[in-house]
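Have a look at the structure below before the remarks.
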Amino acid sequence: MGAVCKLRLPERVLLDPDRLVELCVSMGEPAAEALVTASIGDVALGMETLTYGDLVEDKDKILKVVKRLRSIAEHIGLTTFVRVADDVETAAKNSDIAAYGATLERLKRVAAKAQTALWDLQDMMI
């Protein structure tokens with residue numbers, strides 16, 4: 001029997017720079033930075049609550065959490081996260097366990113990359 005290999009696809013995370021500029025202009029840079037930082041934390045906490053077993057046990061919980069995470073990400077311009085969150089929501093609504101597992105893993109990768117990208121952006125602003 002051959003070895004099993006685990007594929008890891010590199011994720012390209014897109015941020016909406018116009019949305020970040022809008023936040024800075026409307027709130028001021030310090031407040032916008034605080035909002036983005038808090039939002040990153042909220043996304044990280046929300047991602048921890050999503051598990052594979054929930055699809056069978058509590059689909060409504062998944063849909064509620066994904067909708068909230070999508071709203072947070074949309075507000076701060078995480079366009080790739082929003083798109084993948086839509087895919088997770090669709091898989092959950094269809095009770096497609098395989099698609100849910102795959103899209104949830106992708107959402108986790110995108111969330112981690114988005115967090116790093118926003119931190120890097122904040123470091124450049126300082």
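Chains: A, B, ... in order of the structure tokens. Residues: from 1 per chain. Ligands: from 1, in order shown.
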Listing only residues of segment 38-106 of chain A within 10 Å of segment 22-25 of chain A, what is the closest atom pair and its distance in Å (to one decimal) for each, using only C-alpha atoms, sorted by chain and residue number ascending, as CSV?
residue,atom,partner,partner_atom,distance
A:His75,CA,A:Leu23,CA,9.0
A:Ile76,CA,A:Leu23,CA,7.8
A:Gly77,CA,A:Leu23,CA,9.6
Could you please write out, as a ChimeraX atom specification, every residue of chain A that DSSP assigns to alpha helix (DSSP H)?
/A:17-27,29-49,54-57,59-76,79-93,97-125
Would you output that residue set with C-alpha atoms, as an mmCIF file, in the first residue's frame?
data_model
loop_
_atom_site.group_PDB
_atom_site.id
_atom_site.type_symbol
_atom_site.label_atom_id
_atom_site.label_comp_id
_atom_site.auth_asym_id
_atom_site.auth_seq_id
_atom_site.Cartn_x
_atom_site.Cartn_y
_atom_site.Cartn_z
ATOM 1 C CA PRO A 17 -7.883 48.175 0.075
ATOM 2 C CA ASP A 18 -10.682 50.613 -0.741
ATOM 3 C CA ARG A 19 -12.700 49.316 2.208
ATOM 4 C CA LEU A 20 -9.721 49.745 4.529
ATOM 5 C CA VAL A 21 -9.231 53.325 3.274
ATOM 6 C CA GLU A 22 -12.965 54.011 3.808
ATOM 7 C CA LEU A 23 -12.634 52.838 7.406
ATOM 8 C CA CYS A 24 -9.579 55.023 7.992
ATOM 9 C CA VAL A 25 -11.267 58.092 6.481
ATOM 10 C CA SER A 26 -14.590 57.620 8.264
ATOM 11 C CA MET A 27 -13.241 56.594 11.671
ATOM 12 C CA GLU A 29 -6.675 55.635 11.494
ATOM 13 C CA PRO A 30 -6.406 54.695 15.214
ATOM 14 C CA ALA A 31 -10.092 53.738 15.447
ATOM 15 C CA ALA A 32 -9.957 51.841 12.143
ATOM 16 C CA GLU A 33 -6.902 49.935 13.332
ATOM 17 C CA ALA A 34 -8.665 49.077 16.594
ATOM 18 C CA LEU A 35 -11.731 47.893 14.668
ATOM 19 C CA VAL A 36 -9.660 45.700 12.346
ATOM 20 C CA THR A 37 -7.737 44.239 15.291
ATOM 21 C CA ALA A 38 -10.942 43.466 17.186
ATOM 22 C CA SER A 39 -12.506 42.009 14.044
ATOM 23 C CA ILE A 40 -9.522 39.712 13.482
ATOM 24 C CA GLY A 41 -9.962 38.461 17.043
ATOM 25 C CA ASP A 42 -13.690 37.930 16.524
ATOM 26 C CA VAL A 43 -13.049 35.928 13.348
ATOM 27 C CA ALA A 44 -10.433 33.791 15.118
ATOM 28 C CA LEU A 45 -12.806 33.047 18.005
ATOM 29 C CA GLY A 46 -15.652 32.288 15.644
ATOM 30 C CA MET A 47 -13.518 29.924 13.599
ATOM 31 C CA GLU A 48 -12.745 27.940 16.759
ATOM 32 C CA THR A 49 -16.442 27.242 17.259
ATOM 33 C CA ASP A 54 -21.766 20.395 14.057
ATOM 34 C CA LEU A 55 -23.141 19.772 10.565
ATOM 35 C CA VAL A 56 -24.867 16.636 11.785
ATOM 36 C CA GLU A 57 -25.652 17.868 15.280
ATOM 37 C CA LYS A 59 -26.675 22.954 11.323
ATOM 38 C CA ASP A 60 -28.420 26.112 12.556
ATOM 39 C CA LYS A 61 -25.411 26.915 14.768
ATOM 40 C CA ILE A 62 -23.075 26.619 11.782
ATOM 41 C CA LEU A 63 -25.230 28.854 9.620
ATOM 42 C CA LYS A 64 -25.474 31.468 12.373
ATOM 43 C CA VAL A 65 -21.712 31.503 13.051
ATOM 44 C CA VAL A 66 -20.781 31.584 9.352
ATOM 45 C CA LYS A 67 -23.225 34.424 8.708
ATOM 46 C CA ARG A 68 -21.712 36.433 11.591
ATOM 47 C CA LEU A 69 -18.144 35.762 10.446
ATOM 48 C CA ARG A 70 -19.060 36.691 6.884
ATOM 49 C CA SER A 71 -20.532 39.991 8.093
ATOM 50 C CA ILE A 72 -17.411 40.828 10.111
ATOM 51 C CA ALA A 73 -15.127 39.972 7.191
ATOM 52 C CA GLU A 74 -17.211 41.976 4.743
ATOM 53 C CA HIS A 75 -17.101 45.004 7.030
ATOM 54 C CA ILE A 76 -13.284 45.083 7.058
ATOM 55 C CA THR A 79 -13.053 39.530 0.163
ATOM 56 C CA THR A 80 -11.603 36.018 -0.111
ATOM 57 C CA PHE A 81 -12.902 35.098 3.337
ATOM 58 C CA VAL A 82 -16.380 36.309 2.389
ATOM 59 C CA ARG A 83 -16.392 34.215 -0.783
ATOM 60 C CA VAL A 84 -15.226 31.046 0.992
ATOM 61 C CA ALA A 85 -17.680 31.629 3.861
ATOM 62 C CA ASP A 86 -20.435 31.631 1.226
ATOM 63 C CA ASP A 87 -19.180 28.222 0.060
ATOM 64 C CA VAL A 88 -19.219 26.876 3.633
ATOM 65 C CA GLU A 89 -22.759 28.166 4.083
ATOM 66 C CA THR A 90 -23.923 26.530 0.851
ATOM 67 C CA ALA A 91 -22.368 23.185 1.815
ATOM 68 C CA ALA A 92 -23.978 23.357 5.257
ATOM 69 C CA LYS A 93 -27.399 24.265 3.862
ATOM 70 C CA ILE A 97 -20.614 16.660 4.707
ATOM 71 C CA ALA A 98 -17.706 16.232 2.271
ATOM 72 C CA ALA A 99 -18.113 19.715 0.796
ATOM 73 C CA TYR A 100 -18.588 21.202 4.260
ATOM 74 C CA GLY A 101 -15.369 19.605 5.520
ATOM 75 C CA ALA A 102 -13.402 20.768 2.480
ATOM 76 C CA THR A 103 -14.740 24.319 2.504
ATOM 77 C CA LEU A 104 -14.327 24.612 6.282
ATOM 78 C CA GLU A 105 -10.658 23.627 5.984
ATOM 79 C CA ARG A 106 -10.250 26.186 3.220
ATOM 80 C CA LEU A 107 -11.942 28.838 5.358
ATOM 81 C CA LYS A 108 -9.504 28.060 8.188
ATOM 82 C CA ARG A 109 -6.532 28.535 5.843
ATOM 83 C CA VAL A 110 -7.978 31.758 4.450
ATOM 84 C CA ALA A 111 -8.672 33.073 7.963
ATOM 85 C CA ALA A 112 -5.081 32.407 9.023
ATOM 86 C CA LYS A 113 -3.666 34.046 5.881
ATOM 87 C CA ALA A 114 -6.014 37.035 6.224
ATOM 88 C CA GLN A 115 -4.945 37.516 9.828
ATOM 89 C CA THR A 116 -1.294 37.533 8.784
ATOM 90 C CA ALA A 117 -1.974 39.876 5.857
ATOM 91 C CA LEU A 118 -3.792 42.372 8.083
ATOM 92 C CA TRP A 119 -1.057 42.232 10.716
ATOM 93 C CA ASP A 120 1.535 42.873 8.014
ATOM 94 C CA LEU A 121 -0.537 45.790 6.758
ATOM 95 C CA GLN A 122 -0.795 47.217 10.271
ATOM 96 C CA ASP A 123 2.964 46.896 10.695
ATOM 97 C CA MET A 124 3.456 48.923 7.500
ATOM 98 C CA MET A 125 1.136 51.643 8.788
#
